[in-house]
Each structure stands twice: as structure tokens, then as C-alpha cells.
Amino acid sequence: MNLTEERLQYLELLSQKFPSPAQVSTEIINLNAILGLPKGSEHFISDIHGEYRLFLHILKNASGSVRRKIFQCFTEEEMPPAEVDALATLIYYPEEKLALLKEENGPLSTEWYTATLLHLVQVCRKATSKYTRSKVRKAMPRDFAYIIDELLNYSEADEDDNRTTYVHNIVRNIIEVGSADAFIIAISELIQHAVIDKLHIVGDIFDRGNGAHKVMDALTQYNNVDIQWGNHDILWMAAALGQWASIANVLRNCIRYNNFDSLEDGYGINLRPLTQFALATYRDDPCTLFLPSHSKRETELKQRRENDDLTAKVHKAISVIQFKLEGQILRDHPEYHMSHRLFWETVDAKTHRVQIDNHWYDLSPDDPYRLSPAEETVMNDLAFSFRNSIRLQRHLKYLLDNGSIYKLNNGYLLYHGCIPMNEDGSLHYSTINGKKYAGRAMLDEYNRIVRIASYAPRHSIQRKNALDLMWYLWCGTHSPLSGKYKIATFERYFIADDTAGKEEKDPYYKWIEQEETAVRILTEFGADPVNGKIITGHVPVKAGESPIKANGRVINIDGGMNERLNSVTGGSGYTLVSNSHQLLLAQHHPINISKSMRKNEDIHSELMVVEKYPTRQLIRDIDDGKVIARRVADLQELLAAYRSGVISPKE
């Protein structure tokens with residue numbers, strides 16, 4: 001057996017984990033068996049924008065997958081539709097549903113508990129049937145792991161009477177010791193997690209809605225999650241790292257949408273210094289242009305905040321600071337090619353007009369780019385608050401550990417925004433730290449820069465430039481996350497002419513409608529150019545518009561989950577589901593969780609089959625299978641080394 005020195009060293013290291021031929025053989029048998037299992041269900045969701053309750057419901061019902069598992073377990077004769085509805089609602093919200101049932105019916109009977117527990121075990125057995133026993137054990141709640149493991153592997157339908165008796169004895173004892181409610185909650189949560197093997201978040205967890213911090217907490221409870229950063233995510237990440245312009249943008253976004261929950265309650269950001277500064281600076285200014293935007297629901301219920309006037313002053317204060325800070329960045333970085341956003345430098349001192357995109361508009365000029373001493377103090381205090389928020393820093397680490405700008409997944413390419421292009425459809429080259437990048441190389445470099453911003457010495461110029469580039473990713477002219485020529489914040493506030501506020505999209509959005517462009521991008525990134533697809537978000541799919549483009553090669557799953565976009569999209573978000581048989585697209589519609597729980601109603605979703613796979617997809621057919629296959633090859637080589645005497649067993 002001829003081995004290079006490098007290969008021999010690797011096998012010696014591998015032998016530390018598998019110190020005998022028997023252990024190597026056992027692992028090879030186990031891994032080869034896994035390769036023959038069906039692939040688990042993958043769920044793709046984008047543009048959550050802080051809509052925690054809707055997002056949580058979509059996770060809990062797994063975009064209809066939980067209900068499908070129930071239908072697979074029971075015929076209509078065994079379980080009528082009304083009972084299916086009741087069982088599904090119990091699985092989604094076990095704690096709340098149990099309390100509601102007791103409120104409506106009094107103490108629950110032993111018969112109800114027995115039937116419910118047996119039904120839940122049957123559904124759980126179906127939901128976990130694709131996985132190895134070891135994987136299921138790791139996902140089990142610790143308190144009931146042994147009992148659930150026994151119940152899942154002893155069916156009451158077995159012909160062996162001893163097994164049937166054993167199952168019923170376990171169920172009876174769960175009830176008798178008073179653990180039925182806790183057990184129902186535990187096994188329901190296991191079912192929820194089992195029907196989603198992988199969760200892909202294709203960008204924009206933050207802003208608009210008020211529950212982004214809760215969405216992040218929910219994601220940390222899932223074992224297999226990846227995130228493709230959106231422009232709103234990268235903005236919050238830069239803010240968490242203390243970048244002033246990003247902090248100002250985060251605050252302005254939250255204040256504009258009356259979203260103080262994520263800032264104050266969620267992350268403990270201290271807004272008192274900013275509020276005091278705003279009151280002192282704009283005491284006699286009505287700040288009419290900066291009154292906060294209210295959601296449709298708030299408007300209908302006439303729930304305007306009593307302190308809207310104060311909010312407007314704070315809104316103006318942080319907006320002016322933002323424009324100054326952004327001007328500083330743009331003057332420091334001419335390579336961003338965003339001099340058209342340096343408004344103050346085009347102001348005509350005599351006429352008080354400003355030039356935007358070669359057009360002149362009336363404007364009352366404000367302060368220059370330099371922050372006043374009071375503004376400096378405010379930003380120092382805010383940056384301290386962002387950098388020292390324990391929850392925000394924990395979420396930042398999660399985004400760094402589980403995220404990237406793009407991801408290759410089973411031949412598919414996932415990214416939030418766009419691949420910057422020129423008008424002729426060629427890839428656009430951007431200058432990053434003195435070098436030009438386009439396509440995959442550009443996104444790889446931005447990925448590297450985000451890591452530099454996170455881990456470089458705090459006051460180094462390297463970190464400062466990397467943080468400025470993170471701000472650029474939020475709103476830059478050729479940013480792959482923004483995909484716009486400009487974000488017209490300044491124009492919307494100060495210019496009455498609506499044409500000045502038009503946000504022109506990157507040429508990519510015109511070219512990506514063509515299949516040839518999609519195939520070219522898939523090839524550029526090393527995805528499957530024959531069967532692969534591009535999964536993206538960022539631009540809400542309007543009502544009546546198809547989310548499937550380029551002859552099926554591109555799927556935009558931004559379905560307007562945030563309630564402010566429901567009227568534009570005609571729905572409340574999309575979920576793309578890839579199971580072992582097919583690729584499904586679900587468009588969700590608004591739901592009242594409390595009302596639905598009482599009536600056992602589920603979220604209404606329109607399902608579309610995007611593609612049926614020619615054969616059932618197994619683990620061996622996907623990326624995870626390729627990793628396992630390489631592992632098997634290494635182990636087979638180690639086994640041969642043991643048997644030939646090249647490596648000695650360690651036991």
C-alpha cells in the first residue's frame with residue numbers, strides 16, 4: 001500500500017478517532033446506510049422583516065408539512081377533518097391550546113390524553129422516519145428523551161401483544177404521574193423541528209416589523225440553519241460592531257416605522273441621550289417631515305402614539321446625523337463612485353437649491369458634514385450601547401457563524417439581492433481596496449471583508465475601512481445586497497418632486513428575466529447549470545406577478561411578509577419547500593393567531609408544484625451525501641491501512 005507522507009499523517013490522525021478495524025467497519029456501515037435515506041425537507045424563507053408571529057407560525061406548521069404528516073398517518077375514517085384540525089393546532093401551539101381546552105371544557109379526561117398521546121407518537125414517528133435513530137435522539141428534549149425514544153421504536157400496531165402492552169403502559173404512566181401536558185409540549189416541538197431538516201433564510205430578518213430580536217432567538221433553536229445576509233441584516237451587523245453611519249440608519253429605520261420594541265425592549269439600546277439632544281436642538285421645530293409612519297392596522301385602529309411630536313424630533317435629529325456621517329464616508333472613499341450622494345456640496349448658497357442626478361431642486365440647506373460636539377457625544381453613547389448589548393452581540397455572532405452573502409446548496413445558488421451588472425448584461429467590476437472584482441470573486445471578497453470588520457483590531461484602519469464597506473453593502477450604488485442606484489432617503493424627506501425619489505434598480509433585474517443570464521450566473525458560481533436554480537429575495541413580488549422567472553431558473557421568494565407590503569404582494573410571504581419528491585412554493589396569507597387557535601384554523605396557503613423530481617432524492621444525491629461519501633472513502637483507506645499493517649490499531 002503506497003501512501004504519501006501527507007496522506008499517512010492524515011490517516012494517523014483519523015485513527016485517533018477510530019482506533020480499531022472494527023470501529024472503522026462499523027462507521028463505514030453506518031455512513032453507507034445513511035446515504036440510502038431520503039433527503040430531509042428544506043425550507044427557504046426570505047424578507048421576514050421582523051414579523052415574528054407570522055414567521056413563527058410558518059415554522060410551527062412547516063408551511064403545511066405538519067398537516068401533510070397527519071394526513072399520511074390517518075385515513076379520514078380514522079380521523080375526521082375536524083379532528084385533524086384540532087391535532088394540528090395542538091402541535092403548533094401545545095401550551096396555549098392545552099390552556100384553551102381546559103378553559104373551555106374543564107379538566108381533560110384520561111381518555112382524551114390517551115388518544116392524543118398515541119396520535120402524537122404516531123405523527124412523530126412519521127415525521128422522524130427519514131432520520132437515523134441517533135439524529136432523532138439528539139433532537140429530543142432532554143427530560144423525555146428516553147420515553148420518546150421507546151415510544152417511537154415500539155409501535156402499538158405491532159402484532160406482538162407484549163409491545164402493544166408496553167406502549168400503553170408508558171402512556172398510562174405519563175398521565176398518572178401528571179406529566180401529560182409537559183410531554184405533549186415536548187413531543188409537539190420535536191415534530192415541528194423534525195419536519196424541517198434544513199432552514200435557509202435568504203436575507204432581511206431585520207427592520208419594519210418589531211420582532212426581529214425574537215426571530216433571531218427562534219432561529220437559534222434550530223440545528224441546521226444558514227443565512228444569506230440581506231442589506232438590512234448587514235446594516236444591523238455593522239451597527240452592532242459600532243459603525244456610526246450604520247447605527248444612524250438603524251435608528252432612523254426603527255423610528256420611522258415606530259419600531260421601538262427591537263431597539264429598547266429587545267436589545268436594550270439606550271435612546272435617552274438622543275432624545276435629550278433632539279429636544280434641545282429642535283425644541284421649536286415641528287419637524288413635520290419626520291412624523292413616523294404608522295402601519296395600516298395602527299391607522300385603522302387610530303392608535304397613533306401620543307408622543308408623535310417627540311418621535312418626529314428624534315427622527316430628524318438622527319436623520320441629520322446620518323446624512324453627515326454618510327457624507328464623511330463618501331468623501332473618504334471616492335472608489336465607491338457615489339459622489340452624486342454628496343448633496344451639500346451641490347447646494348447653491350444664493351438660491352438654496354440642490355442638484356440631484358443633474359436636476360436642481362429647492363431645498364433649505366442644513367448643517368455641513370461635520371458633527372457638532374453634541375452630536376459626537378450622542379453617537380459615542382449610542383455606539384457604546386450597541387457594542388455592549390449582550391443579546392445583540394449574541395445575535396451578531398450567530399449571523400457571522402451561520403451566514404454569508406451567498407450559498408451553494410445542492411446545485412442551487414442562494415443570495416438575497418443581485419449580482420451587479422452593466423447595462424449590456426456583463427458583470428460589473430467594483431474596486432475593493434484597490435483591486436477590481438466582479439461576480440463570484442466580488443461576493444467572496446465582501447464575505448472576507450465582513451470577517452475583517454468583525455475580528456480586526458478595533459481602532460485599526462483595516463477595521464474602519466471594512467466597516468465602511470459594510471455600510472456600502474447596505475446602500476451602495478453597485479452593492480449586491482442593495483441592488484439600487486441609490487436609496488433615496490434624503491430625497492423623500494426634503495424634495496417635493498417625486499421624480500427625485502425614484503430608486504433605479506441595477507441592470508441585473510432586467511437581465512435576470514432571461515434564462516441565458518441565469519445559466520451564466522449559475523456557471524459563474526459553480527452551481528448546477530443544467531438543473532440548478534437561483535433562489536433570491538429582496539424585491540417584493542407584486543400581486544399578479546409570477547415569482548418564477550427565466551423559464552423556471554430563478555425563484556424570488558420575497559412575498560411581502562411584513563404587513564405594510566401585504567397590499568402590494570397580495571399575500572404574506574412565500575416559503576419554498578424542497579422535500580425528497582418535489583419542489584413546492586407556498587404563498588401565505590394573513591392570519592390572526594389567537595382567533596385561529598380557538599377555531600382550529602390554519603394559515604391559508606396557495607401551493608404550487610415548481611418541479612417533480614424524476615426519482616426520489618436520497619442523501620447520496622445531495623451535498624451532504626458527497627461529504628459523507630468522501631468520509632467513507634477515507635475510512636476505507638484507513639481500514640486497508642490497518643489490514644496491511646501500514647498503521648497499527650490503537651487498542
# chains A, B, ... in the order shown; residues from 1 in each chain; ligands from 1
>>> select_by_dssp(residues="stretch 372-459 of chain A", states="strand (DSSP E)", output="list in words")
Gly403, Ser404, Tyr406, Lys407, Leu408, Asn409, Tyr412, Leu413, Leu414, Tyr415, Ser430, Thr431, Ile432, Lys435, Lys436 and Tyr437 of chain A
>>> closest_atom_pairs(of="stretch 554-602 of chain A", to="stretch 254-266 of chain A", cutoff="12 Å", atoms="only C-alpha atoms", output="JSON lines")
{"residue": "A:Asn562", "atom": "CA", "partner": "A:Tyr257", "partner_atom": "CA", "distance": 11.7}
{"residue": "A:Glu563", "atom": "CA", "partner": "A:Tyr257", "partner_atom": "CA", "distance": 11.9}
{"residue": "A:Arg564", "atom": "CA", "partner": "A:Tyr257", "partner_atom": "CA", "distance": 10.0}
>>> write_last_selection(atoms="N, CA and C atoms", output="short mmCIF file (atom, residue, chain, number, x, y, z; two decimals), in the first residue's frame")
data_model
loop_
_atom_site.label_atom_id
_atom_site.label_comp_id
_atom_site.auth_asym_id
_atom_site.auth_seq_id
_atom_site.Cartn_x
_atom_site.Cartn_y
_atom_site.Cartn_z
N ASN A 562 -43.92 41.29 5.68
CA ASN A 562 -44.27 42.44 6.51
C ASN A 562 -45.64 42.98 6.10
N GLU A 563 -46.48 43.30 7.10
CA GLU A 563 -47.87 43.67 6.82
C GLU A 563 -47.98 44.93 5.97
N ARG A 564 -46.97 45.79 6.00
CA ARG A 564 -47.02 47.00 5.19
C ARG A 564 -46.96 46.69 3.70
#
>>> closest_residue(among="A:Ala182, A:Leu522, A:Ala317, A:Ile58", to="A:Asn249", atoms="only C-alpha atoms")
A:Ala317
>>> closest_residue(among="A:Ala441, A:Glu42, A:Leu271, A:Arg125", to="A:Gln72", atoms="only C-alpha atoms")
A:Arg125
>>> closest_residue(among="A:Thr523, A:Asp85, A:Leu576, A:Val320", to="A:Leu607", atoms="only C-alpha atoms")
A:Leu576
>>> select_by_dssp(residues="stretch 71-207 of chain A", states="alpha helix (DSSP H)", output="ChimeraX atom specification")
/A:71-73,81-92,94-105,110-127,133-139,145-152,161-176,180-194
>>> closest_residue(among="A:Ser63, A:Asn231, A:Gln276, A:Ser319", to="A:Arg492", atoms="only C-alpha atoms")
A:Ser319
>>> atom_distance(atom1="atom CA of A:Asn409", atom2="atom CA of A:Gly211")
28.2 Å
